[in-house]
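Structure file run.txt; described as compact mmCIF, C-alpha atoms and all ligand atoms.
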# COMPACT_ATOMS: atom_id res chain seq x y z
CA MET A 97 65.24 79.59 110.65
CA ALA A 98 68.88 80.55 110.11
CA GLU A 99 71.09 81.80 112.91
CA ILE A 100 74.06 84.11 112.52
CA ASP A 101 77.13 83.76 114.71
CA ARG A 102 80.92 83.85 114.59
CA PHE A 103 83.19 81.41 112.80
CA ARG A 104 84.84 78.65 114.88
CA SER A 105 87.87 76.68 113.73
CA GLU A 106 85.81 73.48 113.33
CA ASP A 107 83.73 75.28 110.63
CA ARG A 108 86.69 75.54 108.29
CA ARG A 109 85.87 72.50 106.10
CA GLN A 110 82.23 73.38 105.64
CA VAL A 111 83.09 76.97 104.80
CA GLU A 112 85.65 75.80 102.24
CA SER A 113 83.18 73.58 100.47
CA LEU A 114 80.57 76.36 100.42
CA TYR A 115 83.23 78.66 98.96
CA ARG A 116 83.91 76.09 96.24
CA ARG A 117 80.22 75.87 95.35
CA VAL A 118 79.71 79.64 95.21
CA PHE A 119 82.98 80.88 93.67
CA GLY A 120 84.35 77.77 91.89
CA SER A 121 87.42 75.57 92.36
CA ASP A 122 90.16 77.98 91.30
CA ALA A 123 88.93 80.72 93.60
CA ALA A 124 88.54 78.20 96.43
CA ASP A 125 92.13 76.95 95.98
CA ALA A 126 93.41 80.52 96.01
CA ASN A 127 91.34 81.24 99.11
CA ARG A 128 92.88 78.24 100.92
CA LEU A 129 96.35 79.45 100.15
CA ARG A 130 95.59 82.91 101.55
CA TRP A 131 93.36 81.95 104.45
CA ASP A 132 95.77 81.74 107.38
CA TRP A 133 97.56 84.92 106.45
CA GLN A 134 94.36 86.74 105.56
CA TYR A 135 92.46 86.00 108.76
CA ARG A 136 94.71 84.69 111.51
CA ARG A 137 97.82 86.75 110.87
CA ASN A 138 96.08 90.10 110.45
CA PRO A 139 97.61 92.26 113.23
CA ASN A 140 94.13 93.71 113.84
CA MET A 141 92.48 90.32 114.40
CA PRO A 142 90.40 90.50 117.60
CA PRO A 143 91.49 88.24 120.52
CA ASP A 144 88.45 85.99 120.01
CA GLY A 145 89.42 85.03 116.46
CA PRO A 146 88.78 86.02 112.85
CA LEU A 147 85.92 88.46 112.20
CA ILE A 148 83.86 86.05 110.12
CA TRP A 149 80.09 85.72 110.46
CA LEU A 150 78.31 82.53 109.50
CA ALA A 151 74.68 81.80 108.71
CA ARG A 152 73.82 78.34 110.05
CA GLU A 153 70.83 76.14 109.72
CA GLY A 154 71.20 73.49 112.39
CA THR A 155 74.76 72.27 111.90
CA THR A 156 74.95 73.32 108.25
CA VAL A 157 76.74 76.48 107.19
CA ILE A 158 74.67 78.22 104.49
CA GLY A 159 76.33 81.63 104.33
CA GLN A 160 79.34 83.62 105.40
CA TYR A 161 80.47 87.19 105.70
CA ALA A 162 84.26 87.27 106.13
CA THR A 163 85.79 90.63 106.96
CA MET A 164 89.22 92.23 107.30
CA PRO A 165 89.53 94.23 110.52
CA VAL A 166 91.56 97.44 110.18
CA ARG A 167 92.10 100.61 112.18
CA VAL A 168 90.46 103.47 110.34
CA SER A 169 91.59 107.05 110.74
CA ILE A 170 88.82 109.65 110.40
CA ASP A 171 90.31 113.16 110.39
CA GLY A 172 93.21 111.72 112.42
CA ARG A 173 90.98 109.91 114.95
CA ASP A 174 91.37 106.11 115.05
CA ILE A 175 88.37 103.79 115.17
CA ASP A 176 87.91 100.06 114.54
CA GLY A 177 86.54 99.20 111.14
CA SER A 178 86.44 96.28 108.73
CA TRP A 179 86.39 95.59 105.02
CA GLY A 180 83.66 93.20 104.02
CA MET A 181 85.31 90.64 101.73
CA ASP A 182 84.19 87.15 101.00
CA VAL A 183 80.42 87.22 101.36
CA MET A 184 78.43 84.28 100.05
CA VAL A 185 75.14 82.50 100.45
CA ALA A 186 74.52 78.91 99.27
CA PRO A 187 73.11 79.15 95.72
CA GLU A 188 69.78 77.50 96.60
CA ARG A 189 69.33 79.90 99.52
CA GLN A 190 70.06 83.19 97.74
CA ARG A 191 67.40 85.91 97.43
CA GLN A 192 65.73 84.82 100.69
CA GLY A 193 67.06 87.51 102.99
CA LEU A 194 70.18 85.76 104.35
CA GLY A 195 72.59 88.26 102.78
CA ASP A 196 70.57 91.03 104.38
CA MET A 197 70.95 89.38 107.83
CA LEU A 198 74.69 88.83 107.36
CA PHE A 199 75.34 92.42 106.18
CA ARG A 200 73.38 93.88 109.11
CA THR A 201 75.05 91.66 111.71
CA TRP A 202 78.49 92.68 110.47
CA ASP A 203 77.50 96.36 110.43
CA ARG A 204 76.20 96.21 114.01
CA HIS A 205 79.54 94.86 115.21
CA THR A 206 82.00 97.17 113.50
CA GLY A 207 82.90 100.84 113.91
CA ALA A 208 83.08 101.31 110.13
CA SER A 209 81.66 98.88 107.59
CA LEU A 210 83.53 99.19 104.31
CA GLY A 211 83.20 97.52 100.92
CA LEU A 212 85.50 97.74 97.92
CA GLY A 213 85.29 96.18 94.44
CA LEU A 214 81.83 94.70 94.78
CA SER A 215 80.04 92.08 92.72
CA GLU A 216 76.77 93.08 91.08
CA SER A 217 74.71 91.24 93.71
CA SER A 218 76.53 92.64 96.75
CA TYR A 219 76.53 96.16 95.28
CA ARG A 220 72.77 95.94 94.88
CA LEU A 221 72.37 94.66 98.39
CA PHE A 222 74.47 97.53 99.78
CA GLN A 223 72.24 99.91 97.83
CA LYS A 224 69.09 98.27 99.11
CA LEU A 225 70.39 98.65 102.68
CA ASN A 226 71.18 102.35 102.03
CA TRP A 227 74.93 102.22 102.55
CA PRO A 228 76.54 105.50 101.45
CA ASP A 229 77.88 104.92 97.93
CA VAL A 230 81.12 106.90 97.78
CA GLY A 231 82.75 105.25 94.79
CA PRO A 232 84.05 104.25 92.45
CA VAL A 233 87.72 104.68 93.35
CA PRO A 234 89.23 106.62 90.40
CA CYS A 235 91.57 104.62 88.18
CA LEU A 236 94.55 106.18 86.38
CA VAL A 237 96.83 104.72 83.72
CA LYS A 238 100.21 105.85 82.44
CA PRO A 239 101.13 104.57 78.96
CA LEU A 240 104.75 103.47 78.54
CA SER A 241 104.79 101.75 75.17
CA ARG A 242 102.77 101.96 72.00
CA ARG A 243 101.09 98.71 72.93
CA ALA A 244 99.47 100.56 75.86
CA LEU A 245 96.56 101.87 73.79
CA ARG A 246 95.66 98.60 72.09
CA ARG A 247 92.00 97.61 72.21
CA PRO A 248 90.98 93.96 71.82
CA ASN A 249 87.80 94.96 69.96
CA TRP A 250 89.66 96.99 67.32
CA PRO A 251 90.90 95.41 64.07
CA VAL A 252 94.67 94.90 63.80
CA GLN A 253 95.04 97.67 61.22
CA LEU A 254 93.32 100.23 63.44
CA ASN A 255 95.43 99.21 66.45
CA ARG A 256 98.57 99.64 64.31
CA PHE A 257 97.45 103.02 63.07
CA VAL A 258 96.67 104.30 66.59
CA SER A 259 100.04 103.00 67.82
CA TYR A 260 101.79 104.76 64.97
CA ILE A 261 100.22 108.20 65.42
CA THR A 262 100.42 108.20 69.22
CA LEU A 263 104.02 107.00 69.45
CA PRO A 264 105.67 110.47 69.69
CA TRP A 265 103.22 111.47 72.40
CA ILE A 266 103.80 108.25 74.37
CA ARG A 267 107.55 108.73 74.11
CA LEU A 268 107.14 112.21 75.56
CA VAL A 269 104.88 111.08 78.42
CA ALA A 270 107.06 108.07 79.24
CA ARG A 271 110.45 109.79 79.10
CA THR A 272 112.82 109.25 82.04
CA ARG A 273 112.81 112.07 84.59
CA PRO A 274 115.37 112.61 87.35
CA LEU A 275 114.75 111.47 90.93
CA GLU A 276 114.76 114.28 93.47
CA GLY A 277 115.41 112.16 96.54
CA GLU A 278 116.79 108.92 97.90
CA ILE A 279 114.89 105.71 97.20
CA ARG A 280 115.68 102.41 98.93
CA MET A 281 114.14 99.05 98.14
CA ILE A 282 113.03 97.45 101.40
CA ARG A 283 111.81 94.03 102.59
CA HIS A 284 110.59 95.28 105.97
CA PHE A 285 108.66 98.35 107.14
CA ASP A 286 110.41 99.58 110.28
CA GLU A 287 108.90 101.74 113.02
CA GLY A 288 109.84 104.85 111.01
CA PHE A 289 106.77 104.09 108.86
CA THR A 290 104.52 104.22 111.93
CA ARG A 291 106.03 107.61 112.73
CA LEU A 292 105.42 108.72 109.13
CA TRP A 293 101.80 107.65 109.40
CA GLU A 294 101.37 109.47 112.71
CA ARG A 295 102.84 112.66 111.22
CA ILE A 296 100.49 112.77 108.26
CA ALA A 297 97.30 110.91 109.31
CA THR A 298 95.40 114.16 109.92
CA LYS A 299 95.85 115.07 106.25
CA PHE A 300 93.29 112.43 105.33
CA ARG A 301 89.59 112.61 106.12
CA PHE A 302 89.44 108.82 105.79
CA ALA A 303 92.20 106.23 105.48
CA VAL A 304 93.14 102.84 106.82
CA ARG A 305 95.91 103.30 109.39
CA ARG A 306 99.10 102.43 107.53
CA ASP A 307 101.44 101.64 110.43
CA ALA A 308 104.42 99.27 110.27
CA PRO A 309 102.62 96.11 111.58
CA TYR A 310 99.80 96.60 109.04
CA LEU A 311 102.19 97.29 106.16
CA ASN A 312 104.39 94.28 106.92
CA TRP A 313 101.37 92.01 107.08
CA LYS A 314 99.76 93.45 103.96
CA TYR A 315 102.73 93.84 101.63
CA ILE A 316 105.64 91.73 102.91
CA GLN A 317 104.02 88.59 104.34
CA PRO A 318 101.24 87.57 101.90
CA PRO A 319 101.77 84.03 100.61
CA HIS A 320 100.04 84.57 97.25
CA VAL A 321 101.66 87.71 95.79
CA ARG A 322 105.11 89.22 95.92
CA TYR A 323 105.39 92.98 96.00
CA SER A 324 108.28 95.33 95.45
CA VAL A 325 108.47 98.11 98.00
CA ALA A 326 110.35 101.37 97.41
CA ALA A 327 110.88 103.70 100.36
CA LEU A 328 111.55 107.40 100.04
CA VAL A 329 114.14 108.30 102.68
CA ARG A 330 115.11 111.72 104.03
CA ASP A 331 117.72 112.11 106.79
CA ASN A 332 117.48 108.34 107.37
CA GLU A 333 113.76 108.58 108.13
CA PRO A 334 111.01 107.23 105.81
CA ALA A 335 109.07 109.99 104.05
CA GLY A 336 106.95 107.74 101.82
CA TYR A 337 106.65 104.40 100.07
CA ALA A 338 105.33 102.80 96.90
CA VAL A 339 104.19 99.17 96.64
CA TYR A 340 103.99 97.68 93.15
CA ARG A 341 104.15 94.50 91.11
CA HIS A 342 104.26 93.57 87.43
CA VAL A 343 101.59 91.36 85.89
CA GLN A 344 100.91 89.86 82.49
CA GLU A 345 97.40 90.67 81.27
CA PRO A 346 95.79 89.49 78.02
CA ARG A 347 96.38 92.93 76.50
CA GLY A 348 99.98 93.30 77.62
CA ARG A 349 102.26 93.74 80.55
CA VAL A 350 101.13 96.04 83.34
CA THR A 351 102.81 97.45 86.41
CA LEU A 352 100.26 97.83 89.20
CA LEU A 353 101.03 100.65 91.60
CA VAL A 354 99.12 98.96 94.39
CA ASP A 355 99.61 101.31 97.33
CA PHE A 356 101.59 104.41 98.21
CA LEU A 357 101.95 106.98 100.91
CA ALA A 358 103.63 110.34 101.31
CA ASP A 359 102.51 113.65 102.68
CA PRO A 360 100.07 114.76 99.94
CA ASP A 361 101.70 118.21 100.14
CA ASP A 362 105.17 116.72 99.57
CA THR A 363 105.13 117.18 95.80
CA SER A 364 108.78 116.42 95.25
CA GLY A 365 108.64 113.28 97.43
CA PHE A 366 105.58 111.77 95.77
CA VAL A 367 106.80 112.63 92.27
CA THR A 368 110.14 110.98 93.07
CA LEU A 369 108.33 107.80 94.09
CA LEU A 370 106.36 107.90 90.83
CA ARG A 371 109.51 108.39 88.78
CA TRP A 372 111.07 105.41 90.53
CA VAL A 373 108.05 103.26 89.65
CA ASP A 374 108.35 104.48 86.02
CA ARG A 375 111.92 103.17 85.87
CA GLU A 376 110.97 99.87 87.42
CA ALA A 377 108.04 99.47 85.04
CA ARG A 378 110.22 100.17 82.03
CA ALA A 379 112.88 97.74 83.29
CA ALA A 380 110.14 95.10 83.58
CA ASP A 381 109.06 95.88 79.99
CA SER A 382 105.58 97.01 81.04
CA ASP A 383 103.30 98.67 78.51
CA LYS A 384 101.57 100.77 81.16
CA ILE A 385 101.23 101.51 84.85
CA ARG A 386 97.82 101.33 86.50
CA THR A 387 96.83 102.74 89.86
CA PHE A 388 93.74 103.68 91.87
CA ALA A 389 93.52 106.75 94.08
CA THR A 390 90.79 108.77 95.75
CA HIS A 391 92.90 111.64 97.06
CA GLU A 392 92.74 114.67 94.80
CA GLY A 393 96.26 115.82 95.76
CA PHE A 394 97.78 112.50 94.73
CA ARG A 395 95.65 112.37 91.58
CA ARG A 396 96.80 115.83 90.54
CA LEU A 397 100.43 114.75 90.84
CA LEU A 398 99.69 111.49 89.03
CA ARG A 399 98.14 113.44 86.15
CA ARG A 400 101.13 115.77 86.08
CA SER A 401 103.36 112.69 85.89
CA GLY A 402 101.66 111.33 82.77
CA TYR A 403 98.75 109.32 84.21
CA PHE A 404 95.30 109.60 82.60
CA PRO A 405 91.96 108.94 84.25
CA VAL A 406 90.17 105.89 82.83
CA ARG A 407 86.87 104.28 83.74
CA SER A 408 87.01 102.59 87.12
CA THR A 409 85.26 99.40 88.04
CA MET A 410 86.22 99.54 91.71
CA ASP A 411 83.01 100.37 93.58
CA PHE A 412 83.35 101.66 97.10
CA VAL A 413 80.83 101.91 99.93
CA ALA A 414 81.52 103.08 103.48
CA ARG A 415 79.51 103.62 106.62
CA ILE A 416 81.00 105.07 109.81
CA ASN A 417 79.25 103.85 112.95
CA ALA A 418 81.68 104.45 115.82
CA ILE A 419 81.63 108.23 115.70
CA GLU A 420 79.33 110.96 114.45
CA VAL A 421 80.54 112.29 111.10
CA PRO A 422 79.38 115.61 109.59
CA PRO A 423 76.58 115.39 107.00
CA ASP A 424 78.91 116.31 104.14
CA PHE A 425 81.36 113.52 105.06
CA TYR A 426 80.26 111.16 102.30
CA HIS A 427 79.83 113.81 99.60
CA SER A 428 83.38 113.71 98.30
CA THR A 429 86.31 111.35 98.70
CA ALA A 430 88.80 113.97 97.45
CA ALA A 431 90.57 114.01 100.82
CA TRP A 432 90.24 110.24 101.45
CA HIS A 433 93.14 107.92 100.84
CA VAL A 434 91.98 104.64 99.30
CA THR A 435 94.03 102.58 96.84
CA LEU A 436 94.09 99.19 95.14
CA GLY A 437 96.01 97.94 98.18
CA ASP A 438 92.98 98.41 100.43
CA SER A 439 90.72 95.54 101.39
CA ASP A 440 91.65 92.37 99.46
CA GLN A 441 91.36 93.92 96.00
CA ASP A 442 94.78 92.92 94.78
CA ARG A 443 94.85 89.15 94.97
C1 LIG A 501 75.68 88.72 97.50
C2 LIG A 501 74.91 87.63 98.26
C3 LIG A 501 75.74 87.20 99.46
C4 LIG A 501 73.57 88.21 98.73
O1 LIG A 501 72.92 87.24 99.51
P1 LIG A 501 71.33 86.95 99.39
O2 LIG A 501 70.96 86.06 100.53
O3 LIG A 501 71.01 86.49 98.02
O4 LIG A 501 70.75 88.42 99.60
P2 LIG A 501 69.31 88.83 100.18
O5 LIG A 501 68.30 87.82 99.76
O6 LIG A 501 69.37 89.17 101.60
O7 LIG A 501 69.14 90.23 99.45
C5 LIG A 501 68.66 90.27 98.23
C6 LIG A 501 69.04 91.61 97.62
O8 LIG A 501 70.40 91.60 97.19
C7 LIG A 501 70.50 92.02 95.84
N1 LIG A 501 70.84 90.84 95.05
C8 LIG A 501 71.11 89.59 95.52
N2 LIG A 501 71.43 88.77 94.51
C9 LIG A 501 71.36 89.50 93.39
C10 LIG A 501 71.59 89.21 92.03
N3 LIG A 501 71.96 87.98 91.60
N4 LIG A 501 71.44 90.20 91.13
C11 LIG A 501 71.07 91.43 91.52
N5 LIG A 501 70.83 91.76 92.81
C12 LIG A 501 70.98 90.81 93.73
C13 LIG A 501 69.13 92.59 95.50
O9 LIG A 501 69.11 93.93 95.90
C14 LIG A 501 68.24 91.77 96.39
O10 LIG A 501 67.04 92.41 96.70
P3 LIG A 501 65.70 91.84 96.02
O11 LIG A 501 65.69 90.34 96.22
O12 LIG A 501 64.62 92.54 96.76
O13 LIG A 501 65.82 92.23 94.59
C15 LIG A 501 74.61 86.41 97.37
O14 LIG A 501 73.90 86.86 96.25
C16 LIG A 501 75.82 85.65 96.87
O15 LIG A 501 76.30 84.74 97.55
N6 LIG A 501 76.29 85.98 95.66
C17 LIG A 501 77.37 85.27 95.02
C18 LIG A 501 78.71 85.62 95.65
C19 LIG A 501 79.03 87.08 95.54
O16 LIG A 501 78.82 87.74 94.52
N7 LIG A 501 79.61 87.63 96.62
C20 LIG A 501 80.00 89.01 96.71
C21 LIG A 501 81.45 89.16 96.46
S1 LIG A 501 81.86 90.91 96.58
Can the structure from this file be put into structure tokens for me?
Amino acid sequence: MAEIDRFRSEDRRQVESLYRRVFGSDAADANRLRWDWQYRRNPNMPPDGPLIWLAREGTTVIGQYATMPVRVSIDGRDIDGSWGMDVMVAPERQRQGLGDMLFRTWDRHTGASLGLGLSESSYRLFQKLNWPDVGPVPCLVKPLSRRALRRPNWPVQLNRFVSYITLPWIRLVARTRPLEGEIRMIRHFDEGFTRLWERIATKFRFAVRRDAPYLNWKYIQPPHVRYSVAALVRDNEPAGYAVYRHVQEPRGRVTLLVDFLADPDDTSGFVTLLRWVDREARAADSDKIRTFATHEGFRRLLRRSGYFPVRSTMDFVARINAIEVPPDFYHSTAAWHVTLGDSDQDR
């Protein structure tokens, strides 16, 4: 009979080899590189160590549920929550109820159990356990070059034709627009960002608390990715930020707008951040910009700035345990703020 309890540092080697068996060598190497930052350096790590649950059989580790503790703001009220991340069960022990035990144990010990970008098997398990399914997180893309609309399954001639007829439209969408505010590139989020968060947190029904310690950990300190961070500054005080990076994908070069924040009613501020990212994307020779956003206010401004909704593959489930939420809470995420930067989606 398996037992579930918390991770201890002496489990590290066993957990690593289980990870290798379940997710493969490349993923395991990447996980090793991230591990210390991901778990031990999280500013929300509890005093008794990383929030990782293990399924053990005797001295053998046969499953894990590793989570990312965060502060979650619900209508401006802070509670403890956690993103479920690396969940795995030894291949020969899958479909025997261990995942069920791990998911429930995690849920019993967190104020909000949250999942983003799920695999087929974990999505089904969340469904089976009746987690509210609030996703997917809408995805939006802004084309910048005629290569942006290329499809790998189309013949070359068709791709060329589509590029040719859409070029004037893409030029119009992608044209440079003036900035209406001051942007500074930063390598540190100062306490002004905590003040920004505290000013605007009540505008979101649901969001991970984006204070300076969280932002520095998430976007400045990770060992595996390097982000650019643009801050919108008014009267020497931060009024917003955008976190982005450029990646080479099989179909072309993409700028990922990973995370952002501004008062959703600050149209000029948010649009200025977007126009800055446009310039940076063009300078990096990107074919398109991709972002994910739940908040309807931000999505409206994204659409007005040339972004188009595309099919999203980022599933999202959320269950609030710490406080009573109204019955309609899970019906719409239009006032929630969730992005690609949440959980460990961008890695
Ligand atoms: C996800 C995972 C941890 C679930 O653990 P588990 O011990 O197999 O789960 P349980 O036996 O408790 O629950 C089984 C339920 O999960 C779902 N499920 C599990 N594996 C599934 C699969 N391969 N395909 C579809 N559904 C699956 C089903 O709803 C299933 O219910 P059923 O057996 O009545 O059909 C395990 O499948 C796993 O390690 N998968 C590979 C790693 C992975 O995808 N991790 C998630 C990353 S987000």
So that I can see what lies close to A:Ile385, please list as a PyMOL selection string the residues with an atom at most 9 Å from it, counting only C-alpha atoms and leaving out residues fewer than 4 positions away in the same chain.
chain A and resi 236-240+342+349-353+373-374+377+403
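Distance check against A:Leu328 using only C-alpha atoms: of A:Leu370, A:Met410, A:Val166, A:Leu311, the minimum falls on A:Leu370.
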If you count all atoms listed in the file, which residues end up within 6 Å of ligand LIG 501 (chain A), as an MDAnalysis selection string?
chainID A and resid 182:185 190:196 214:218 220:221 224
Pull C-alpha atoms from the residues just selected and write them as a PDB file, in the frame of the given file.
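In the end it all went to selection_39.pdb:
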ATOM      1  CA  ASP A 182      84.190  87.150 101.000  1.00  0.00           C
ATOM      2  CA  VAL A 183      80.420  87.220 101.360  1.00  0.00           C
ATOM      3  CA  MET A 184      78.430  84.280 100.050  1.00  0.00           C
ATOM      4  CA  VAL A 185      75.140  82.500 100.450  1.00  0.00           C
ATOM      5  CA  GLN A 190      70.060  83.190  97.740  1.00  0.00           C
ATOM      6  CA  ARG A 191      67.400  85.910  97.430  1.00  0.00           C
ATOM      7  CA  GLN A 192      65.730  84.820 100.690  1.00  0.00           C
ATOM      8  CA  GLY A 193      67.060  87.510 102.990  1.00  0.00           C
ATOM      9  CA  LEU A 194      70.180  85.760 104.350  1.00  0.00           C
ATOM     10  CA  GLY A 195      72.590  88.260 102.780  1.00  0.00           C
ATOM     11  CA  ASP A 196      70.570  91.030 104.380  1.00  0.00           C
ATOM     12  CA  LEU A 214      81.830  94.700  94.780  1.00  0.00           C
ATOM     13  CA  SER A 215      80.040  92.080  92.720  1.00  0.00           C
ATOM     14  CA  GLU A 216      76.770  93.080  91.080  1.00  0.00           C
ATOM     15  CA  SER A 217      74.710  91.240  93.710  1.00  0.00           C
ATOM     16  CA  SER A 218      76.530  92.640  96.750  1.00  0.00           C
ATOM     17  CA  ARG A 220      72.770  95.940  94.880  1.00  0.00           C
ATOM     18  CA  LEU A 221      72.370  94.660  98.390  1.00  0.00           C
ATOM     19  CA  LYS A 224      69.090  98.270  99.110  1.00  0.00           C
TER      20      LYS A 224
END
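Distance-wise, atom CA of A:Arg395 and atom CA of A:Pro234 end up 8.7 Å apart.
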Counting only C-alpha atoms, closest pick from A:Asp176, A:Asp383, A:Asp440, A:Glu294 relative to A:Pro346 is A:Asp383
Using all atoms listed in the file, which residues sit within 12 Å of A:Trp227 once same-chain residues fewer than 5 positions away are excluded, as a tab-separated table (two decimals) with C-alpha atoms, keeping the file's coordinate frame?
chain	number	residue	atom	x	y	z
A	199	PHE	CA	75.34	92.42	106.18
A	200	ARG	CA	73.38	93.88	109.11
A	203	ASP	CA	77.50	96.36	110.43
A	208	ALA	CA	83.08	101.31	110.13
A	209	SER	CA	81.66	98.88	107.59
A	210	LEU	CA	83.53	99.19	104.31
A	211	GLY	CA	83.20	97.52	100.92
A	218	SER	CA	76.53	92.64	96.75
A	219	TYR	CA	76.53	96.16	95.28
A	220	ARG	CA	72.77	95.94	94.88
A	221	LEU	CA	72.37	94.66	98.39
A	222	PHE	CA	74.47	97.53	99.78
A	412	PHE	CA	83.35	101.66	97.10
A	413	VAL	CA	80.83	101.91	99.93
A	414	ALA	CA	81.52	103.08	103.48
A	415	ARG	CA	79.51	103.62	106.62
A	416	ILE	CA	81.00	105.07	109.81
A	417	ASN	CA	79.25	103.85	112.95
A	426	TYR	CA	80.26	111.16	102.30
With all atoms of stretch 145-156 of chain A from the file as input, state the centre and edge lengths in Å to one decimal of the axis-aligned box that has 3 Å extra on each side, as JSON.
{"center_x": 80.1, "center_y": 80.4, "center_z": 112.4, "size_x": 24.6, "size_y": 22.2, "size_z": 14.2}
Quick one: everything within 10 Å of A:Gln110, counting all atoms listed in the file, minus sequence neighbours fewer than 6 positions away in the same chain. Send it as a PyMOL selection string.
chain A and resi 116+155-158
Skip A:Pro318 itself and residues of its chain fewer than 6 positions away, then list as a list of chain:residue names all residues within 8 Å of it, counting all atoms listed in the file.
A:Arg130, A:Trp133, A:Gln134
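For the choices A:Gly437, A:Pro319, A:Gly145, A:Pro422, the atom-to-atom distance to A:Arg301 is smallest for A:Pro422 when using only C-alpha atoms.
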Expressed in Å, the length from atom CA of A:Arg330 to atom CA of A:His284 is 17.2 Å
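Relative to atom CA of A:Leu436, atom CA of A:Leu263 is found at 28.6 Å.
The shortest atom-to-atom distance to A:Ser428, with only C-alpha atoms taken into account, belongs to A:Glu392 out of A:Asp307, A:Glu376, A:Asp362, A:Glu392.
Restricting the calculation to only C-alpha atoms, the smallest distance between A:Thr429 and any of A:Val233, A:Val304, A:Ala162, A:Leu292 is found for A:Val233.
Every protein or nucleic acid residue with an atom no more than 7 Å from A:Ala186, counting all atoms listed in the file and leaving out same-chain residues fewer than 5 positions away, appears here: Leu114, Val118, Ile158 and Gly159 of chain A.
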Counting all atoms listed in the file, write as a ChimeraX atom specification all protein and nucleic acid residues lying at most 12 Å from (99.8, 114.1, 81.4) in the file's frame.
/A:236-239,265-271,395-405
